[in-house]
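Here is the structure we will look at, set down as structure tokens.
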Amino acid sequence: MPVTVKLVAEARFPSQFGDFQIHGIEAEVDGRREELVAVRMGDLTTGAPPLLRIHSQCLTGDVFHSLRCDCRAQLEMSLRAVAEEGRGLVIYEQKEGRGIGLVNKIRAYELQDNGADTVEANELLGFEADLRDFSVHAHILRLFGVEAVRLLSNNPEKIAALESAGIRVVERVPVIVDPLETTAFYIQTKREKMGHLL
């Protein structure tokens, strides 16, 4: 699958977690154009492999503070971990609802309200459980001169995708969020049906 990536913008990015740099990235993956953002702190090319979080957009969680998922909490834990260490990278991609899109994600919520879990809801809508493709991230890491990472993730597919693309994952750093009453079934489904390391 042909992939090209390029950095198109960079700016200072002060946040409640610390002072980062934010990078705009344009990618073409198998003929499809994508826009991604990378939030970076520190020099990624010297010292131990940097922390990395690959985070898929979750408008409902990241922006509206939904308690149906643990996405926002994982993003904040990752930004905090990078800031505490003083170096690392968070790649933020626009793949809402594991790639099914925002409106379809709301349709999936409706199915979940009627008893389906997150995997069943996607399948009832005619999608796979997870449509995301993580092939672009190795190319982005190489733009930053990174060949090895400590991955902030519970998802073994992200590890496999990076390693198959030649990026060494020297450590998986768990991003475990205490379940709430509203997220317990969601987290259980990720563990039991999607193999997440929880």
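Note on naming: chains are A, B, ... as they come in the structure tokens, residues start from 1 per chain, ligands start from 1 in the order shown.
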
Determine, counting only C-alpha atoms, which protein, DNA and RNA residues have an atom within 7 Å of an atom of segment 5-10 of chain A; residues of the same chain fewer than 3 positions away are not included. Present the result as JSON, numbers by chain. {"A": [21, 22, 23, 24, 25, 26, 27, 28, 139, 140]}

Would you mind listing, for every residue of segment 5-56 of chain A within 12 Å of segment 159-176 of chain A, the two atoms forming the shortest contact and the distance between them in Å to one decimal, using only C-alpha atoms, sorted by chain and ascending residue number, as a tab-separated table?
```
residue	atom	partner	partner_atom	distance
A:Ala48	CA	A:Val170	CA	9.7
A:Pro49	CA	A:Val170	CA	7.6
A:Pro50	CA	A:Val170	CA	9.9
A:Leu51	CA	A:Val173	CA	8.4
A:Leu52	CA	A:Val173	CA	9.2
A:Arg53	CA	A:Val173	CA	9.6
A:Ile54	CA	A:Ile159	CA	10.4
A:His55	CA	A:Val175	CA	11.6
```

With C-alpha atoms retained, could you export that selection as a PDB file, in the first residue's frame?
```pdb
ATOM      1  CA  ALA A  48      16.060   6.398  25.183  1.00  0.00           C
ATOM      2  CA  PRO A  49      13.227   5.706  22.725  1.00  0.00           C
ATOM      3  CA  PRO A  50      10.528   8.351  23.248  1.00  0.00           C
ATOM      4  CA  LEU A  51       6.993   7.809  24.459  1.00  0.00           C
ATOM      5  CA  LEU A  52       4.424   7.564  21.654  1.00  0.00           C
ATOM      6  CA  ARG A  53       0.642   7.647  21.734  1.00  0.00           C
ATOM      7  CA  ILE A  54      -1.408   7.015  18.586  1.00  0.00           C
ATOM      8  CA  HIS A  55      -4.828   8.443  19.354  1.00  0.00           C
TER       9      HIS A  55
END
```

Pick from A:Arg32, A:His196, A:Arg12, A:Lys190 nearest to Glu120 of chain A, counting only C-alpha atoms: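 Ranking A:Arg32, A:His196, A:Arg12, A:Lys190 by distance to Glu120 of chain A, first place goes to A:Lys190.
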
List the spatial neighbours of Cys58 of chain A as a list in words - criterion: any atom at most 9 Å away, only C-alpha atoms, same-chain residues fewer than 3 positions off excluded.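 Listing them by chain and then by number gives His55, Gly61, Asp62, Val63, Cys71, Arg72, Gln94, Lys95, Glu96, Gly97, Arg98 and Leu102 of chain A.
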
Kindly indicate which residue among A:Thr189, A:Ala138, A:Asp19, A:Glu147 lies nearest to Ala121 of chain A, using only C-alpha atoms for the distances.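 Under the stated criterion, the closest residue is A:Thr189.
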
Please give the complete set of residues from segment 3-189 of chain A that DSSP, run on the backbone, assigns to strand (DSSP E), formatted as a count of residues only. 58

Neighbours of Ile106 of chain A within 12 Å (only C-alpha atoms; same-chain residues fewer than 3 positions away dropped), as an NGL selection string? :A and (58-60 or 68 or 96-97 or 100-103 or 109-113 or 118 or 121-122 or 125)

Between atom CA of Arg142 of chain A and atom CA of Val3 of chain A, measure the distance and give it in Å to one decimal.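 Atom-to-atom, atom CA of Arg142 of chain A to atom CA of Val3 of chain A, that is 12.5 Å.
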
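Those residues that approach Phe185 of chain A to within 12 Å, counting only C-alpha atoms, are Leu67, Arg68, Cys69, Asp70, Gln112, Asp113, Gly115, Ala116, Asp117, Thr118, Val119, Pro179, Leu180, Glu181, Thr182, Gln188, Thr189, Lys190, Arg191, Glu192 and Lys193 of chain A; same-chain residues fewer than 3 positions away are not listed.
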
Calculated over only C-alpha atoms, which of the candidates A:Leu36, A:Phe64, A:Thr45, A:Gly18 has the smallest distance to Gly86 of chain A?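 Of all the options, A:Gly18 lies closest to Gly86 of chain A.
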
Could you jot down the atom CA of Asn114 of chain A to atom CA of Phe127 of chain A separation for me, Å, one decimal place?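 So the answer is 18.1 Å.
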
Give me, as an MDAnalysis selection string, the residues of segment 16-166 of chain A that a backbone DSSP run labels helix (DSSP H, G or I). chainID A and resid 59:63 71:85 96:99 102:113 118:124 136:143 156:164

Quick check, in Å to one decimal: how far apart do atom CA of Phe17 of chain A and atom CA of Val149 of chain A lie? 20.8 Å

Between A:Thr183, A:Leu131, A:Glu123, A:Val177, which has the minimum distance to Ser78 of chain A (counting only C-alpha atoms)? A:Val177
